[in-house]
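Take a look at the structure set out below.
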Amino acid sequence: MFLLSKLLSFLTQPLAWVALLLLAGVWLLKTQPRWALKTNTAALGLLLLLGWEPLPNVAIRYLESEYPAREPGHHWTTQAGVIVLGGALESAYIWTNPGQSALNDAAERLTEVAPLLRQQPHLKVLFTGGEGELFGAGPSEAERARQFFVAQGLAPEKLLLESGSRTTFENAVLSRQVPGVDATKPWLLMTSAYHMPRAMAAFERAGWNVTAYPVDFRSGLATPWTQYSMDQGVKRWRLALHELLGLLAYRLAGRA
């Protein structure tokens with residue numbers, strides 16, 4: 001499953017498609033120059049189109065709309081705790097500054113925990129995440145998350161850690177094995193809004209009693225038609241394609 005997820009990550013990189021088109025153009029250059037020109041033109045057109053952000057934002061908005069944001073001030077009196085999915089921390093090799101955390105674009109998965117606990121101090125925090133890199137080394141993401149939460153003032157006894165999982169499906173399965181965790185009790189599930197449909201499918205399939213608590217919304221209510229960034233557009237396409245193909249894979253495998 002882990003290797004399949006890595007293959008999926010490669011297939012959902014739009015720049016890889018551009019590179020493949022360019023390679024095809026080079027290969028056709030001597031034998032089929034007209035087709036080489038068409039292929040390279042297609043690569044250029046695709047590259048330019050990828051920067052137009054309204055298109056990928058439609059897909060991201062579709063994913064985010066399935067589980068809307070929770071109203072502030074809601075009382076989660078029956079929940080045993082909040083499950084926080086990994087993916088918000090930079091790789092272990094970047095954590096080189098003692099006492100400092102290195103968070104990425106999905107930082108809200110971690111930073112929104114403290115405001116929730118101020119309103120609901122009875123909740124425990126179950127963080128799930130191992131090493132997502134293919135050849136990763138160093139502290140697991142769970143250990144890095146522990147450093148972050150403790151530095152933010154979270155009492156260590158309120159924190160539960162699962163450090164063996166490498167995919168969302170493994171998050172759901174291995175978290176059930178953490179001592180002191182009862183998956184039949186109500187839990188909040190915190191992850192990025194675009195990732196929530198796949199996360200809920202995985203956790204419900206694994207037998208969890210979870211309520212979605214989405215954070216890290218990316219698309220807004222609408223995207224200005226003039227919004228263009230080749231860098232951001234590629235990132236958004238990759239994000240949307242990864243989640244949509246991941247959902248499709250879950251359903252084909254009977255996991256959703």
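Going through the structure tokens in order, the chains are called A, B, and so on, while each chain numbers its residues from 1 and the ligands are numbered from 1 in the order shown.
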>> Excluding Asn104 in chain A and its own-chain neighbours fewer than 6 positions away, which residues fall within 10 Å of it when counting only C-alpha atoms? Please give them as a PyMOL selection string.
In response: chain A and resi 87-91
> Which is closest to Ala114 in chain A among A:Gly220, A:Ala142, A:Lys38, A:Val150, if we use only C-alpha atoms?
Replying inline: A:Val150
Report as JSON lines: every residue of range 48-79 of chain A with an atom at most 10 Å from range 166-189 of chain A, its closest pair of atoms, and their distance in Å to one decimal, counting only C-alpha atoms, with rows sorted by chain and ascending residue number.
{"residue": "A:Trp76", "atom": "CA", "partner": "A:Leu188", "partner_atom": "CA", "distance": 8.6}
{"residue": "A:Thr77", "atom": "CA", "partner": "A:Pro186", "partner_atom": "CA", "distance": 9.9}
{"residue": "A:Thr78", "atom": "CA", "partner": "A:Pro186", "partner_atom": "CA", "distance": 6.7}
{"residue": "A:Gln79", "atom": "CA", "partner": "A:Pro186", "partner_atom": "CA", "distance": 4.7}
Please produce an output containing N, CA and C atoms for each residue in the selection, written as a PDB file, in the first residue's frame.
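Result file part.pdb:
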ATOM      1  N   TRP A  76     -17.981  19.674  22.530  1.00  0.00           N
ATOM      2  CA  TRP A  76     -17.786  18.249  22.217  1.00  0.00           C
ATOM      3  C   TRP A  76     -17.665  17.479  23.536  1.00  0.00           C
ATOM      4  N   THR A  77     -18.767  17.402  24.257  1.00  0.00           N
ATOM      5  CA  THR A  77     -18.718  16.850  25.613  1.00  0.00           C
ATOM      6  C   THR A  77     -18.599  15.331  25.627  1.00  0.00           C
ATOM      7  N   THR A  78     -19.020  14.658  24.572  1.00  0.00           N
ATOM      8  CA  THR A  78     -18.986  13.190  24.581  1.00  0.00           C
ATOM      9  C   THR A  78     -17.746  12.616  23.919  1.00  0.00           C
ATOM     10  N   GLN A  79     -16.963  13.444  23.260  1.00  0.00           N
ATOM     11  CA  GLN A  79     -15.793  12.949  22.540  1.00  0.00           C
ATOM     12  C   GLN A  79     -14.652  12.591  23.501  1.00  0.00           C
TER      13      GLN A  79
END
> Between CA of Val125 in chain A and CA of Glu157 in chain A, what is the distance, to one decimal in Å?
Replying inline: 9.5 Å
Report as JSON lines the residues of range 138-246 of chain A within 7 Å of range 47-52 of chain A, each with its shortest atom pair and distance in Å (one decimal), using only C-alpha atoms, ordered by chain and increasing residue number.
{"residue": "A:Gln227", "atom": "CA", "partner": "A:Trp52", "partner_atom": "CA", "distance": 6.5}
{"residue": "A:Tyr228", "atom": "CA", "partner": "A:Trp52", "partner_atom": "CA", "distance": 4.7}
{"residue": "A:Ser229", "atom": "CA", "partner": "A:Gly51", "partner_atom": "CA", "distance": 4.8}
{"residue": "A:Met230", "atom": "CA", "partner": "A:Gly51", "partner_atom": "CA", "distance": 3.7}
{"residue": "A:Asp231", "atom": "CA", "partner": "A:Gly51", "partner_atom": "CA", "distance": 6.8}
{"residue": "A:Gln232", "atom": "CA", "partner": "A:Gly51", "partner_atom": "CA", "distance": 6.9}
{"residue": "A:Gly233", "atom": "CA", "partner": "A:Gly51", "partner_atom": "CA", "distance": 4.3}
{"residue": "A:Val234", "atom": "CA", "partner": "A:Leu50", "partner_atom": "CA", "distance": 5.7}
> Distance CA of Leu126 in chain A-CA of Leu241 in chain A, one decimal place?
Replying inline: 28.0 Å
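Distance check against Ala212 in chain A using only C-alpha atoms: of A:Arg109, A:His75, A:Lys235, A:Arg70, the minimum falls on A:Arg70.
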